[in-house]
file data.pdb (PDB, C-alpha atoms, pLDDT in the B column)
ATOM      1  CA  LYS U  30       3.931  27.231  -9.662  1.00 66.00           C
ATOM      2  CA  ALA U  31       2.998  24.625 -12.203  1.00 79.00           C
ATOM      3  CA  GLY U  32       3.777  21.072 -11.206  1.00 93.00           C
ATOM      4  CA  VAL U  33       5.822  18.450 -12.985  1.00 96.00           C
ATOM      5  CA  THR U  34       4.411  17.705 -16.416  1.00 97.00           C
ATOM      6  CA  GLN U  35       4.893  14.547 -18.422  1.00 98.00           C
ATOM      7  CA  THR U  36       4.021  13.852 -22.019  1.00 97.00           C
ATOM      8  CA  PRO U  37       2.425  11.875 -23.406  1.00 97.00           C
ATOM      9  CA  ARG U  38       0.126  10.561 -20.665  1.00 97.00           C
ATOM     10  CA  TYR U  39      -0.659   7.346 -22.508  1.00 97.00           C
ATOM     11  CA  LEU U  40       1.236   5.433 -25.143  1.00 96.00           C
ATOM     12  CA  ILE U  41       0.746   2.121 -26.924  1.00 98.00           C
ATOM     13  CA  LYS U  42       3.712   0.618 -28.734  1.00 98.00           C
ATOM     14  CA  THR U  43       4.598  -2.680 -30.358  1.00 98.00           C
ATOM     15  CA  ARG U  44       7.429  -4.986 -29.315  1.00 98.00           C
ATOM     16  CA  GLY U  45      10.700  -3.988 -30.930  1.00 98.00           C
ATOM     17  CA  GLN U  46       9.797  -0.337 -31.323  1.00 98.00           C
ATOM     18  CA  GLN U  47      11.395   2.483 -29.394  1.00 98.00           C
ATOM     19  CA  VAL U  48       9.771   5.235 -27.365  1.00 98.00           C
ATOM     20  CA  THR U  49      10.711   8.652 -25.970  1.00 98.00           C
ATOM     21  CA  LEU U  50       9.030  10.119 -22.911  1.00 98.00           C
ATOM     22  CA  SER U  51       9.304  13.732 -21.851  1.00 98.00           C
ATOM     23  CA  CYS U  52       9.357  15.441 -18.452  1.00 98.00           C
ATOM     24  CA  SER U  53       9.267  19.141 -17.602  1.00 98.00           C
ATOM     25  CA  PRO U  54      10.249  19.790 -13.978  1.00 96.00           C
ATOM     26  CA  ILE U  55       8.879  22.451 -11.684  1.00 94.00           C
ATOM     27  CA  SER U  56      10.337  25.843 -12.585  1.00 93.00           C
ATOM     28  CA  GLY U  57      13.678  26.309 -10.820  1.00 91.00           C
ATOM     29  CA  HIS U  58      14.197  22.600 -10.147  1.00 92.00           C
ATOM     30  CA  ARG U  59      17.445  21.232 -11.547  1.00 91.00           C
ATOM     31  CA  SER U  60      17.286  17.580 -10.536  1.00 92.00           C
ATOM     32  CA  VAL U  61      15.123  15.135 -12.453  1.00 95.00           C
ATOM     33  CA  SER U  62      14.720  11.459 -11.578  1.00 95.00           C
ATOM     34  CA  TRP U  63      12.883   8.730 -13.440  1.00 97.00           C
ATOM     35  CA  TYR U  64      11.114   5.720 -11.927  1.00 97.00           C
ATOM     36  CA  GLN U  65       9.303   2.702 -13.335  1.00 97.00           C
ATOM     37  CA  GLN U  66       6.210   1.437 -11.520  1.00 96.00           C
ATOM     38  CA  THR U  67       4.763  -2.015 -12.119  1.00 94.00           C
ATOM     39  CA  PRO U  68       2.321  -4.102 -10.046  1.00 90.00           C
ATOM     40  CA  GLY U  69       4.947  -6.767  -9.445  1.00 87.00           C
ATOM     41  CA  GLN U  70       8.056  -4.697  -8.714  1.00 90.00           C
ATOM     42  CA  GLY U  71       6.587  -1.478  -7.358  1.00 92.00           C
ATOM     43  CA  LEU U  72       8.494   1.745  -7.884  1.00 95.00           C
ATOM     44  CA  GLN U  73      12.053   1.280  -9.086  1.00 95.00           C
ATOM     45  CA  PHE U  74      14.659   3.951  -9.710  1.00 95.00           C
ATOM     46  CA  LEU U  75      15.841   4.304 -13.310  1.00 97.00           C
ATOM     47  CA  PHE U  76      18.220   7.266 -13.296  1.00 94.00           C
ATOM     48  CA  GLU U  77      18.774  10.804 -12.069  1.00 93.00           C
ATOM     49  CA  TYR U  78      20.004  13.882 -13.883  1.00 94.00           C
ATOM     50  CA  PHE U  79      21.347  17.059 -12.376  1.00 91.00           C
ATOM     51  CA  SER U  80      22.628  19.972 -14.442  1.00 90.00           C
ATOM     52  CA  GLU U  81      22.562  17.868 -17.614  1.00 94.00           C
ATOM     53  CA  THR U  82      24.715  15.102 -16.074  1.00 93.00           C
ATOM     54  CA  GLN U  83      23.558  11.628 -15.150  1.00 93.00           C
ATOM     55  CA  ARG U  84      24.418  11.304 -11.489  1.00 88.00           C
ATOM     56  CA  ASN U  85      22.997   7.917 -10.651  1.00 89.00           C
ATOM     57  CA  LYS U  86      21.627   4.940 -12.529  1.00 92.00           C
ATOM     58  CA  GLY U  87      19.442   2.070 -11.398  1.00 93.00           C
ATOM     59  CA  ASN U  88      19.702  -1.578 -12.303  1.00 93.00           C
ATOM     60  CA  PHE U  89      18.075  -1.491 -15.727  1.00 96.00           C
ATOM     61  CA  PRO U  90      19.426  -2.708 -19.079  1.00 96.00           C
ATOM     62  CA  GLY U  91      21.143  -0.364 -21.504  1.00 96.00           C
ATOM     63  CA  ARG U  92      17.954  -0.153 -23.565  1.00 97.00           C
ATOM     64  CA  PHE U  93      16.850   2.460 -21.050  1.00 98.00           C
ATOM     65  CA  SER U  94      18.576   5.799 -21.484  1.00 97.00           C
ATOM     66  CA  GLY U  95      17.942   9.410 -20.729  1.00 97.00           C
ATOM     67  CA  ARG U  96      19.192  12.924 -21.026  1.00 97.00           C
ATOM     68  CA  GLN U  97      18.622  16.362 -19.588  1.00 97.00           C
ATOM     69  CA  PHE U  98      18.646  19.640 -21.441  1.00 97.00           C
ATOM     70  CA  SER U  99      19.986  23.011 -20.343  1.00 96.00           C
ATOM     71  CA  ASN U 100      16.480  24.144 -19.339  1.00 94.00           C
ATOM     72  CA  SER U 101      16.292  21.067 -17.006  1.00 95.00           C
ATOM     73  CA  ARG U 102      13.695  19.304 -19.140  1.00 97.00           C
ATOM     74  CA  SER U 103      14.429  15.619 -19.419  1.00 98.00           C
ATOM     75  CA  GLU U 104      13.677  12.780 -21.783  1.00 98.00           C
ATOM     76  CA  MET U 105      13.972   9.062 -21.381  1.00 98.00           C
ATOM     77  CA  ASN U 106      14.224   6.597 -24.225  1.00 98.00           C
ATOM     78  CA  VAL U 107      13.518   2.890 -24.308  1.00 98.00           C
ATOM     79  CA  SER U 108      14.727   1.015 -27.362  1.00 96.00           C
ATOM     80  CA  THR U 109      13.709  -2.434 -28.598  1.00 97.00           C
ATOM     81  CA  LEU U 110      10.614  -2.512 -26.430  1.00 98.00           C
ATOM     82  CA  GLU U 111       9.655  -5.729 -24.638  1.00 98.00           C
ATOM     83  CA  LEU U 112       6.291  -6.726 -23.186  1.00 97.00           C
ATOM     84  CA  GLY U 113       7.787  -6.388 -19.711  1.00 96.00           C
ATOM     85  CA  ASP U 114       8.445  -2.692 -20.296  1.00 98.00           C
ATOM     86  CA  SER U 115       4.720  -2.014 -19.911  1.00 97.00           C
ATOM     87  CA  ALA U 116       4.537   0.220 -16.861  1.00 97.00           C
ATOM     88  CA  LEU U 117       3.799   3.650 -15.460  1.00 97.00           C
ATOM     89  CA  TYR U 118       6.903   5.801 -15.951  1.00 98.00           C
ATOM     90  CA  LEU U 119       7.188   8.558 -13.384  1.00 98.00           C
ATOM     91  CA  CYS U 120       9.362  11.619 -13.367  1.00 97.00           C
ATOM     92  CA  ALA U 121      10.234  13.505 -10.180  1.00 96.00           C
ATOM     93  CA  SER U 122      11.893  16.880  -9.814  1.00 94.00           C
ATOM     94  CA  SER U 123      13.797  18.409  -6.940  1.00 90.00           C
ATOM     95  CA  PHE U 124      15.075  21.900  -6.293  1.00 85.00           C
ATOM     96  CA  GLN U 125      18.707  21.148  -5.680  1.00 73.00           C
ATOM     97  CA  GLY U 126      21.196  18.350  -6.012  1.00 55.00           C
ATOM     98  CA  GLN U 127      20.426  16.401  -2.883  1.00 56.00           C
ATOM     99  CA  GLY U 128      18.487  16.397   0.304  1.00 60.00           C
ATOM    100  CA  TYR U 129      15.496  18.210  -1.109  1.00 72.00           C
ATOM    101  CA  GLU U 130      11.989  16.891  -1.463  1.00 85.00           C
ATOM    102  CA  GLN U 131      10.941  15.323  -4.714  1.00 89.00           C
ATOM    103  CA  TYR U 132       7.715  16.044  -6.518  1.00 93.00           C
ATOM    104  CA  PHE U 133       6.247  13.616  -9.003  1.00 96.00           C
ATOM    105  CA  GLY U 134       4.474  14.144 -12.273  1.00 97.00           C
ATOM    106  CA  PRO U 135       1.309  12.246 -13.269  1.00 97.00           C
ATOM    107  CA  GLY U 136       3.302   9.654 -15.205  1.00 97.00           C
ATOM    108  CA  THR U 137       3.219   8.174 -18.674  1.00 98.00           C
ATOM    109  CA  ARG U 138       1.355   4.879 -19.002  1.00 97.00           C
ATOM    110  CA  LEU U 139       3.218   2.779 -21.560  1.00 98.00           C
ATOM    111  CA  THR U 140       1.607  -0.352 -22.936  1.00 98.00           C
ATOM    112  CA  VAL U 141       3.681  -2.665 -25.123  1.00 98.00           C
ATOM    113  CA  THR U 142       1.748  -5.139 -27.271  1.00 97.00           C
TER     114      THR U 142
ATOM    115  CA  THR B   4      20.798  -3.281  -1.415  1.00 55.00           C
ATOM    116  CA  GLN B   5      18.520  -1.190   0.748  1.00 60.00           C
ATOM    117  CA  LEU B   6      14.967  -2.457   1.044  1.00 78.00           C
ATOM    118  CA  LEU B   7      11.891  -0.978   2.684  1.00 90.00           C
ATOM    119  CA  GLU B   8       9.177  -3.340   3.827  1.00 93.00           C
ATOM    120  CA  GLN B   9       5.720  -1.963   4.448  1.00 96.00           C
ATOM    121  CA  SER B  10       2.958  -3.572   6.448  1.00 95.00           C
ATOM    122  CA  PRO B  11       0.211  -4.300   6.070  1.00 97.00           C
ATOM    123  CA  GLN B  12       0.039  -4.669   2.290  1.00 95.00           C
ATOM    124  CA  PHE B  13      -3.738  -4.218   2.218  1.00 96.00           C
ATOM    125  CA  LEU B  14      -6.117  -2.607   4.663  1.00 97.00           C
ATOM    126  CA  SER B  15      -9.883  -2.272   4.382  1.00 97.00           C
ATOM    127  CA  ILE B  16     -11.541  -0.374   7.218  1.00 96.00           C
ATOM    128  CA  GLN B  17     -14.723   1.502   8.047  1.00 97.00           C
ATOM    129  CA  GLU B  18     -14.948   5.266   8.171  1.00 97.00           C
ATOM    130  CA  GLY B  19     -13.996   6.558  11.604  1.00 97.00           C
ATOM    131  CA  GLU B  20     -11.522   3.794  12.467  1.00 97.00           C
ATOM    132  CA  ASN B  21      -7.855   4.378  13.274  1.00 98.00           C
ATOM    133  CA  LEU B  22      -4.963   2.658  11.518  1.00 97.00           C
ATOM    134  CA  THR B  23      -1.190   2.457  11.469  1.00 98.00           C
ATOM    135  CA  VAL B  24       1.097   1.657   8.554  1.00 98.00           C
ATOM    136  CA  TYR B  25       4.668   0.549   9.179  1.00 97.00           C
ATOM    137  CA  CYS B  26       7.785   0.990   7.074  1.00 96.00           C
ATOM    138  CA  ASN B  27      10.863  -0.993   8.113  1.00 95.00           C
ATOM    139  CA  SER B  28      14.416  -1.453   6.913  1.00 92.00           C
ATOM    140  CA  SER B  29      17.710  -2.816   8.167  1.00 89.00           C
ATOM    141  CA  SER B  30      19.460   0.159   6.572  1.00 88.00           C
ATOM    142  CA  VAL B  31      19.808   3.737   7.733  1.00 89.00           C
ATOM    143  CA  PHE B  32      18.251   6.510   5.676  1.00 89.00           C
ATOM    144  CA  SER B  33      19.153  10.188   5.747  1.00 88.00           C
ATOM    145  CA  SER B  34      15.487  11.079   5.315  1.00 89.00           C
ATOM    146  CA  LEU B  35      12.207   9.371   4.686  1.00 92.00           C
ATOM    147  CA  GLN B  36       9.227  10.581   2.733  1.00 94.00           C
ATOM    148  CA  TRP B  37       5.615   9.425   2.698  1.00 97.00           C
ATOM    149  CA  TYR B  38       3.501   9.628  -0.428  1.00 97.00           C
ATOM    150  CA  ARG B  39      -0.103   8.856  -1.329  1.00 97.00           C
ATOM    151  CA  GLN B  40      -0.920   7.701  -4.818  1.00 97.00           C
ATOM    152  CA  GLU B  41      -4.272   7.362  -6.535  1.00 94.00           C
ATOM    153  CA  PRO B  42      -4.873   5.078  -9.528  1.00 89.00           C
ATOM    154  CA  GLY B  43      -3.270   6.344 -12.744  1.00 86.00           C
ATOM    155  CA  GLU B  44      -1.609   9.302 -11.040  1.00 91.00           C
ATOM    156  CA  GLY B  45       1.819  10.079  -9.646  1.00 95.00           C
ATOM    157  CA  PRO B  46       2.607   9.882  -5.927  1.00 96.00           C
ATOM    158  CA  VAL B  47       1.785  13.027  -3.956  1.00 96.00           C
ATOM    159  CA  LEU B  48       4.227  13.989  -1.221  1.00 94.00           C
ATOM    160  CA  LEU B  49       2.667  14.043   2.259  1.00 96.00           C
ATOM    161  CA  VAL B  50       5.637  14.622   4.533  1.00 94.00           C
ATOM    162  CA  THR B  51       9.414  14.349   4.913  1.00 93.00           C
ATOM    163  CA  VAL B  52      11.048  13.292   8.181  1.00 93.00           C
ATOM    164  CA  VAL B  53      14.743  13.811   8.683  1.00 91.00           C
ATOM    165  CA  THR B  54      15.702  13.549  12.361  1.00 91.00           C
ATOM    166  CA  GLY B  55      15.661  10.287  14.302  1.00 93.00           C
ATOM    167  CA  GLY B  56      12.664  10.275  16.660  1.00 95.00           C
ATOM    168  CA  GLU B  57      10.956  13.071  14.753  1.00 95.00           C
ATOM    169  CA  VAL B  58       7.151  13.233  14.841  1.00 97.00           C
ATOM    170  CA  LYS B  59       5.150  15.284  12.345  1.00 96.00           C
ATOM    171  CA  LYS B  60       1.414  15.832  12.234  1.00 97.00           C
ATOM    172  CA  LEU B  61      -0.650  16.687   9.196  1.00 95.00           C
ATOM    173  CA  LYS B  62      -4.284  17.089  10.326  1.00 96.00           C
ATOM    174  CA  ARG B  63      -5.398  13.513  11.142  1.00 97.00           C
ATOM    175  CA  LEU B  64      -2.106  11.964   9.967  1.00 97.00           C
ATOM    176  CA  THR B  65       0.826  11.444  12.318  1.00 98.00           C
ATOM    177  CA  PHE B  66       4.241  10.426  10.986  1.00 97.00           C
ATOM    178  CA  GLN B  67       7.132   9.150  13.074  1.00 97.00           C
ATOM    179  CA  PHE B  68      10.754   8.466  12.148  1.00 96.00           C
ATOM    180  CA  GLY B  69      12.510   5.827  14.235  1.00 95.00           C
ATOM    181  CA  ASP B  70      15.328   6.836  16.546  1.00 94.00           C
ATOM    182  CA  ALA B  71      17.850   4.901  14.453  1.00 93.00           C
ATOM    183  CA  ARG B  72      16.403   6.258  11.180  1.00 92.00           C
ATOM    184  CA  LYS B  73      15.680   2.727   9.958  1.00 92.00           C
ATOM    185  CA  ASP B  74      11.910   2.694  10.296  1.00 94.00           C
ATOM    186  CA  SER B  75       8.867   4.910  10.180  1.00 96.00           C
ATOM    187  CA  SER B  76       5.152   4.775  10.833  1.00 97.00           C
ATOM    188  CA  LEU B  77       2.055   6.563   9.608  1.00 98.00           C
ATOM    189  CA  HIS B  78      -0.980   6.735  11.881  1.00 98.00           C
ATOM    190  CA  ILE B  79      -4.361   7.929  10.619  1.00 98.00           C
ATOM    191  CA  THR B  80      -7.011   8.924  13.128  1.00 98.00           C
ATOM    192  CA  ALA B  81     -10.707   8.688  12.248  1.00 98.00           C
ATOM    193  CA  ALA B  82     -10.118   7.587   8.654  1.00 97.00           C
ATOM    194  CA  GLN B  83     -12.330   9.030   5.940  1.00 97.00           C
ATOM    195  CA  PRO B  84     -13.146   7.719   2.432  1.00 96.00           C
ATOM    196  CA  GLY B  85     -10.932  10.465   1.019  1.00 95.00           C
ATOM    197  CA  ASP B  86      -7.941   8.764   2.672  1.00 97.00           C
ATOM    198  CA  THR B  87      -8.323   5.826   0.289  1.00 97.00           C
ATOM    199  CA  GLY B  88      -5.219   5.236  -1.817  1.00 97.00           C
ATOM    200  CA  LEU B  89      -1.798   3.621  -2.020  1.00 97.00           C
ATOM    201  CA  TYR B  90       0.555   4.795   0.708  1.00 98.00           C
ATOM    202  CA  LEU B  91       4.255   4.624  -0.062  1.00 97.00           C
ATOM    203  CA  CYS B  92       7.259   5.273   2.100  1.00 97.00           C
ATOM    204  CA  ALA B  93      10.518   6.185   0.393  1.00 95.00           C
ATOM    205  CA  GLY B  94      13.968   6.558   1.888  1.00 92.00           C
ATOM    206  CA  ARG B  95      16.869   8.582   0.610  1.00 87.00           C
ATOM    207  CA  GLU B  96      20.170   6.729   0.770  1.00 77.00           C
ATOM    208  CA  ALA B  97      22.473   7.923   3.519  1.00 73.00           C
ATOM    209  CA  GLY B  98      25.807   9.406   2.535  1.00 71.00           C
ATOM    210  CA  GLY B  99      25.210   9.605  -1.189  1.00 66.00           C
ATOM    211  CA  ALA B 100      25.259  12.664  -3.404  1.00 67.00           C
ATOM    212  CA  THR B 101      22.004  11.705  -5.035  1.00 75.00           C
ATOM    213  CA  ASN B 102      18.271  12.134  -4.826  1.00 80.00           C
ATOM    214  CA  LYS B 103      17.643   8.442  -5.479  1.00 86.00           C
ATOM    215  CA  LEU B 104      14.700   7.157  -3.440  1.00 90.00           C
ATOM    216  CA  ILE B 105      14.211   3.566  -2.321  1.00 92.00           C
ATOM    217  CA  PHE B 106      10.485   2.917  -2.268  1.00 94.00           C
ATOM    218  CA  GLY B 107       8.601   0.660   0.075  1.00 94.00           C
ATOM    219  CA  THR B 108       6.328  -2.118  -1.104  1.00 91.00           C
ATOM    220  CA  GLY B 109       3.214   0.007  -0.543  1.00 95.00           C
ATOM    221  CA  THR B 110       0.051  -0.219   1.553  1.00 97.00           C
ATOM    222  CA  LEU B 111      -3.272  -0.140  -0.252  1.00 97.00           C
ATOM    223  CA  LEU B 112      -5.882   1.459   1.997  1.00 97.00           C
ATOM    224  CA  ALA B 113      -9.625   1.341   1.357  1.00 97.00           C
ATOM    225  CA  VAL B 114     -11.902   3.294   3.685  1.00 97.00           C
ATOM    226  CA  GLN B 115     -15.536   2.267   3.384  1.00 96.00           C
ATOM    227  CA  PRO B 116     -18.236   4.896   4.121  1.00 94.00           C
TER     228      PRO B 116
END
call {"tool": "encode", "arguments": {"input": "data.pdb", "output": "C-alpha coordinates"}}
result
Amino acid sequence: KAGVTQTPRYLIKTRGQQVTLSCSPISGHRSVSWYQQTPGQGLQFLFEYFSETQRNKGNFPGRFSGRQFSNSRSEMNVSTLELGDSALYLCASSFQGQGYEQYFGPGTRLTVT
Amino acid sequence: TQLLEQSPQFLSIQEGENLTVYCNSSSVFSSLQWYRQEPGEGPVLLVTVVTGGEVKKLKRLTFQFGDARKDSSLHITAAQPGDTGLYLCAGREAGGATNKLIFGTGTLLAVQP
(Lines of atoms letter the chains of each structure in order from A and count residues from 1; the text may use other names and numbers.)
(Lines give C-alpha, C1' and ligand atoms only; values in the text may rest on other atoms or scores of the structure.)
Protein backbone atom coordinates (compact mmCIF):
# COMPACT_ATOMS: atom_id res chain seq x y z
CA LYS A 1 0.00 0.00 0.00
CA ALA A 2 1.12 3.52 -0.66
CA GLY A 3 1.83 5.58 2.42
CA VAL A 4 0.41 8.91 3.48
CA THR A 5 1.14 11.60 0.91
CA GLN A 6 1.28 15.32 1.51
CA THR A 7 1.47 18.13 -0.99
CA PRO A 8 3.26 20.35 -1.46
CA ARG A 9 6.43 19.28 0.35
CA TYR A 10 7.79 22.81 0.59
CA LEU A 11 6.07 26.17 0.57
CA ILE A 12 7.21 29.76 1.04
CA LYS A 13 4.57 32.37 1.79
CA THR A 14 4.48 35.99 2.90
CA ARG A 15 2.90 37.29 6.09
CA GLY A 16 -0.80 37.95 5.65
CA GLN A 17 -1.28 35.41 2.90
CA GLN A 18 -3.22 32.19 3.26
CA VAL A 19 -2.18 28.64 2.47
CA THR A 20 -3.85 25.28 1.85
CA LEU A 21 -2.08 21.99 2.51
CA SER A 22 -3.28 18.63 1.28
CA CYS A 23 -3.10 15.12 2.73
CA SER A 24 -4.05 11.80 1.15
CA PRO A 25 -4.31 9.02 3.74
CA ILE A 26 -3.41 5.39 3.29
CA SER A 27 -6.08 3.61 1.25
CA GLY A 28 -8.87 2.43 3.55
CA HIS A 29 -7.95 4.79 6.39
CA ARG A 30 -10.80 7.06 7.47
CA SER A 31 -9.20 9.09 10.25
CA VAL A 32 -6.86 11.96 9.45
CA SER A 33 -5.07 14.07 12.05
CA TRP A 34 -2.92 17.15 11.58
CA TYR A 35 0.05 18.20 13.71
CA GLN A 36 2.38 21.20 13.75
CA GLN A 37 6.05 20.63 14.56
CA THR A 38 8.38 23.44 15.57
CA PRO A 39 11.79 23.38 17.29
CA GLY A 40 10.42 25.22 20.30
CA GLN A 41 7.06 23.51 20.85
CA GLY A 42 7.65 20.08 19.36
CA LEU A 43 4.72 18.22 17.87
CA GLN A 44 1.34 19.72 18.68
CA PHE A 45 -2.08 18.41 17.72
CA LEU A 46 -4.12 20.65 15.41
CA PHE A 47 -7.27 18.68 14.64
CA GLU A 48 -8.67 15.29 13.68
CA TYR A 49 -11.24 14.33 11.08
CA PHE A 50 -13.17 11.10 10.84
CA SER A 51 -15.79 10.43 8.18
CA GLU A 52 -15.78 14.09 7.12
CA THR A 53 -16.46 15.34 10.67
CA GLN A 54 -14.03 17.20 12.89
CA ARG A 55 -13.85 15.10 16.02
CA ASN A 56 -11.23 16.92 18.03
CA LYS A 57 -9.43 20.24 17.88
CA GLY A 58 -6.22 21.40 19.49
CA ASN A 59 -5.46 24.74 21.07
CA PHE A 60 -4.80 26.78 17.94
CA PRO A 61 -6.42 30.03 16.79
CA GLY A 62 -9.33 30.07 14.38
CA ARG A 63 -6.97 30.96 11.53
CA PHE A 64 -6.24 27.24 11.37
CA SER A 65 -9.03 25.22 9.80
CA GLY A 66 -9.47 21.97 7.99
CA ARG A 67 -11.85 19.68 6.23
CA GLN A 68 -12.14 16.12 5.03
CA PHE A 69 -13.68 14.91 1.82
CA SER A 70 -15.77 11.81 1.17
CA ASN A 71 -12.71 9.96 -0.15
CA SER A 72 -10.97 10.68 3.22
CA ARG A 73 -8.51 13.14 1.70
CA SER A 74 -8.02 16.14 3.93
CA GLU A 75 -6.94 19.74 3.60
CA MET A 76 -5.88 22.26 6.16
CA ASN A 77 -5.96 26.00 5.67
CA VAL A 78 -4.11 28.74 7.48
CA SER A 79 -5.30 32.28 6.88
CA THR A 80 -3.52 35.55 7.60
CA LEU A 81 -0.16 33.87 7.97
CA GLU A 82 2.21 34.98 10.73
CA LEU A 83 5.96 34.42 11.02
CA GLY A 84 5.29 32.02 13.89
CA ASP A 85 3.32 29.72 11.59
CA SER A 86 6.59 28.59 10.00
CA ALA A 87 6.73 24.90 10.80
CA LEU A 88 6.60 21.35 9.52
CA TYR A 89 2.93 20.38 9.14
CA LEU A 90 2.36 16.67 9.48
CA CYS A 91 -0.64 14.60 8.57
CA ALA A 92 -1.32 11.18 10.09
CA SER A 93 -3.87 8.59 9.04
CA SER A 94 -5.44 5.75 10.95
CA PHE A 95 -7.62 2.85 9.89
CA GLN A 96 -10.54 3.37 12.19
CA GLY A 97 -11.97 5.92 14.56
CA GLN A 98 -9.88 5.22 17.62
CA GLY A 99 -7.36 2.92 19.13
CA TYR A 100 -5.56 2.21 15.89
CA GLU A 101 -2.00 3.07 15.02
CA GLN A 102 -1.29 6.28 13.20
CA TYR A 103 1.00 6.61 10.23
CA PHE A 104 2.56 9.91 9.29
CA GLY A 105 3.24 11.51 5.96
CA PRO A 106 6.53 13.26 5.10
CA GLY A 107 5.12 16.67 6.01
CA THR A 108 4.87 20.05 4.37
CA ARG A 109 7.59 22.53 5.32
CA LEU A 110 5.99 25.97 5.45
CA THR A 111 8.18 29.05 5.65
CA VAL A 112 6.54 32.42 6.26
CA THR A 113 8.62 35.48 5.40
CA THR B 1 -3.34 18.91 30.24
CA GLN B 2 -1.44 15.70 29.67
CA LEU B 3 2.29 16.09 29.22
CA LEU B 4 5.00 13.59 28.32
CA GLU B 5 8.53 14.32 29.43
CA GLN B 6 11.37 12.54 27.71
CA SER B 7 14.90 12.13 28.98
CA PRO B 8 17.56 12.65 28.06
CA GLN B 9 16.96 15.41 25.51
CA PHE B 10 20.24 14.74 23.71
CA LEU B 11 22.45 11.69 23.58
CA SER B 12 25.72 11.24 21.70
CA ILE B 13 27.26 7.79 21.96
CA GLN B 14 29.74 5.53 20.21
CA GLU B 15 28.73 2.63 18.02
CA GLY B 16 28.23 -0.51 20.09
CA GLU B 17 27.09 1.22 23.29
CA ASN B 18 23.74 0.62 24.97
CA LEU B 19 21.26 3.35 25.85
CA THR B 20 17.86 3.91 27.42
CA VAL B 21 15.36 6.67 26.71
CA TYR B 22 12.61 7.44 29.21
CA CYS B 23 9.12 8.81 28.68
CA ASN B 24 7.21 9.91 31.79
CA SER B 25 3.84 11.40 32.60
CA SER B 26 1.57 11.92 35.58
CA SER B 27 -1.39 10.94 33.41
CA VAL B 28 -2.62 7.54 32.29
CA PHE B 29 -2.60 6.69 28.60
CA SER B 30 -4.63 4.00 26.87
CA SER B 31 -1.68 3.25 24.60
CA LEU B 32 1.74 4.61 23.86
CA GLN B 33 3.60 4.70 20.59
CA TRP B 34 7.28 5.22 19.81
CA TYR B 35 8.41 6.93 16.63
CA ARG B 36 11.74 7.74 15.02
CA GLN B 37 12.06 10.82 12.88
CA GLU B 38 14.83 11.87 10.54
CA PRO B 39 15.43 15.49 9.49
CA GLY B 40 12.80 16.84 7.10
CA GLU B 41 10.69 13.68 7.25
CA GLY B 42 7.63 12.52 9.14
CA PRO B 43 7.85 10.29 12.22
CA VAL B 44 8.02 6.56 11.47
CA LEU B 45 6.11 4.28 13.82
CA LEU B 46 8.33 1.79 15.65
CA VAL B 47 5.96 0.15 18.11
CA THR B 48 2.69 0.48 20.02
CA VAL B 49 2.31 -0.73 23.61
CA VAL B 50 -1.12 -1.08 25.12
CA THR B 51 -1.04 -3.22 28.27
CA GLY B 52 0.53 -2.09 31.53
CA GLY B 53 3.83 -3.94 32.04
CA GLU B 54 4.01 -4.93 28.38
CA VAL B 55 7.45 -5.49 26.85
CA LYS B 56 8.02 -5.56 23.09
CA LYS B 57 11.22 -6.27 21.23
CA LEU B 58 12.11 -5.10 17.75
CA LYS B 59 15.56 -6.51 16.89
CA ARG B 60 17.96 -4.51 19.11
CA LEU B 61 15.19 -2.25 20.47
CA THR B 62 13.24 -3.12 23.60
CA PHE B 63 10.14 -1.14 24.59
CA GLN B 64 8.41 -1.28 27.96
CA PHE B 65 5.11 0.20 29.12
CA GLY B 66 4.88 0.96 32.83
CA ASP B 67 2.51 -1.04 35.00
CA ALA B 68 0.36 2.04 35.63
CA ARG B 69 0.46 3.05 31.94
CA LYS B 70 2.01 6.41 32.84
CA ASP B 71 5.54 5.83 31.61
CA SER B 72 7.56 3.95 29.04
CA SER B 73 11.15 3.25 28.12
CA LEU B 74 13.10 2.42 24.99
CA HIS B 75 16.35 0.48 25.31
CA ILE B 76 18.74 0.09 22.39
CA THR B 77 21.42 -2.57 22.56
CA ALA B 78 24.67 -2.19 20.61
CA ALA B 79 23.66 1.07 18.92
CA GLN B 80 24.56 1.57 15.28
CA PRO B 81 24.92 4.78 13.22
CA GLY B 82 21.65 3.90 11.49
CA ASP B 83 19.87 4.37 14.83
CA THR B 84 20.64 8.09 14.69
CA GLY B 85 17.51 10.23 14.76
CA LEU B 86 14.87 11.91 16.90
CA TYR B 87 12.97 9.47 19.09
CA LEU B 88 9.47 10.48 20.10
CA CYS B 89 7.01 8.87 22.44
CA ALA B 90 3.33 9.65 21.98
CA GLY B 91 0.41 8.73 24.19
CA ARG B 92 -3.22 8.36 23.25
CA GLU B 93 -5.58 9.96 25.74
CA ALA B 94 -7.43 7.49 27.91
CA GLY B 95 -11.20 7.37 27.66
CA GLY B 96 -11.60 9.63 24.66
CA ALA B 97 -13.18 8.83 21.32
CA THR B 98 -10.27 10.29 19.44
CA ASN B 99 -6.95 9.46 17.86
CA LYS B 100 -5.30 12.57 19.30
CA LEU B 101 -1.71 11.88 20.34
CA ILE B 102 0.19 13.76 23.03
CA PHE B 103 3.82 13.83 21.97
CA GLY B 104 6.84 13.77 24.21
CA THR B 105 9.57 16.39 24.09
CA GLY B 106 11.84 14.12 22.03
CA THR B 107 15.29 12.59 22.41
CA LEU B 108 17.88 13.39 19.76
CA LEU B 109 20.26 10.45 19.41
CA ALA B 110 23.57 10.59 17.55
CA VAL B 111 25.55 7.37 17.17
CA GLN B 112 29.14 7.96 16.12
CA PRO B 113 30.90 5.25 14.06
call {"tool": "interface_residues", "arguments": {"input": "data.pdb", "of": "chain U", "to": "chain B", "cutoff": "6 Å", "atoms": "only C-alpha atoms", "output": "NGL selection string"}}
result
:U and (127 or 133-136)
call {"tool": "resolve_selection", "arguments": {"input": "data.pdb", "expression": "the PyMOL selection byres ((chain U and resi 40-57) around 6)", "output": "JSON, numbers by chain"}}
result
{"U": [32, 33, 34, 35, 36, 39, 58, 102, 103, 104, 105, 106, 107, 108, 109, 110, 111, 122, 139, 140, 141, 142]}
call {"tool": "resolve_selection", "arguments": {"input": "data.pdb", "expression": "the PyMOL selection byres ((chain B and resi 8) around 10)", "output": "PyMOL selection string"}}
result
chain B and resi 6-7+9-12+25-29+74+92+106-110
call {"tool": "atom_distance", "arguments": {"input": "data.pdb", "atom1": "CA of Ser123 (chain U)", "atom2": "CA of Ser101 (chain U)"}}
result
10.7 Å
call {"tool": "atom_distance", "arguments": {"input": "data.pdb", "atom1": "CA of Leu89 (chain B)", "atom2": "CA of Ser15 (chain B)"}}
result
11.9 Å
call {"tool": "atom_distance", "arguments": {"input": "data.pdb", "atom1": "CA of Gln67 (chain B)", "atom2": "CA of Gly55 (chain B)"}}
result
8.7 Å
call {"tool": "resolve_selection", "arguments": {"input": "data.pdb", "expression": "the PyMOL selection byres ((chain U and resi 63-71) around 6)", "output": "ChimeraX atom specification"}}
result
/U:62,72-76,116-120
call {"tool": "residues_around", "arguments": {"input": "data.pdb", "residues": "Thr65 (chain B)", "least_positions_apart": "6", "cutoff": "6 Å", "atoms": "all atoms listed in the file", "output": "VMD selection string"}}
result
chain B and resid 59 77 to 78
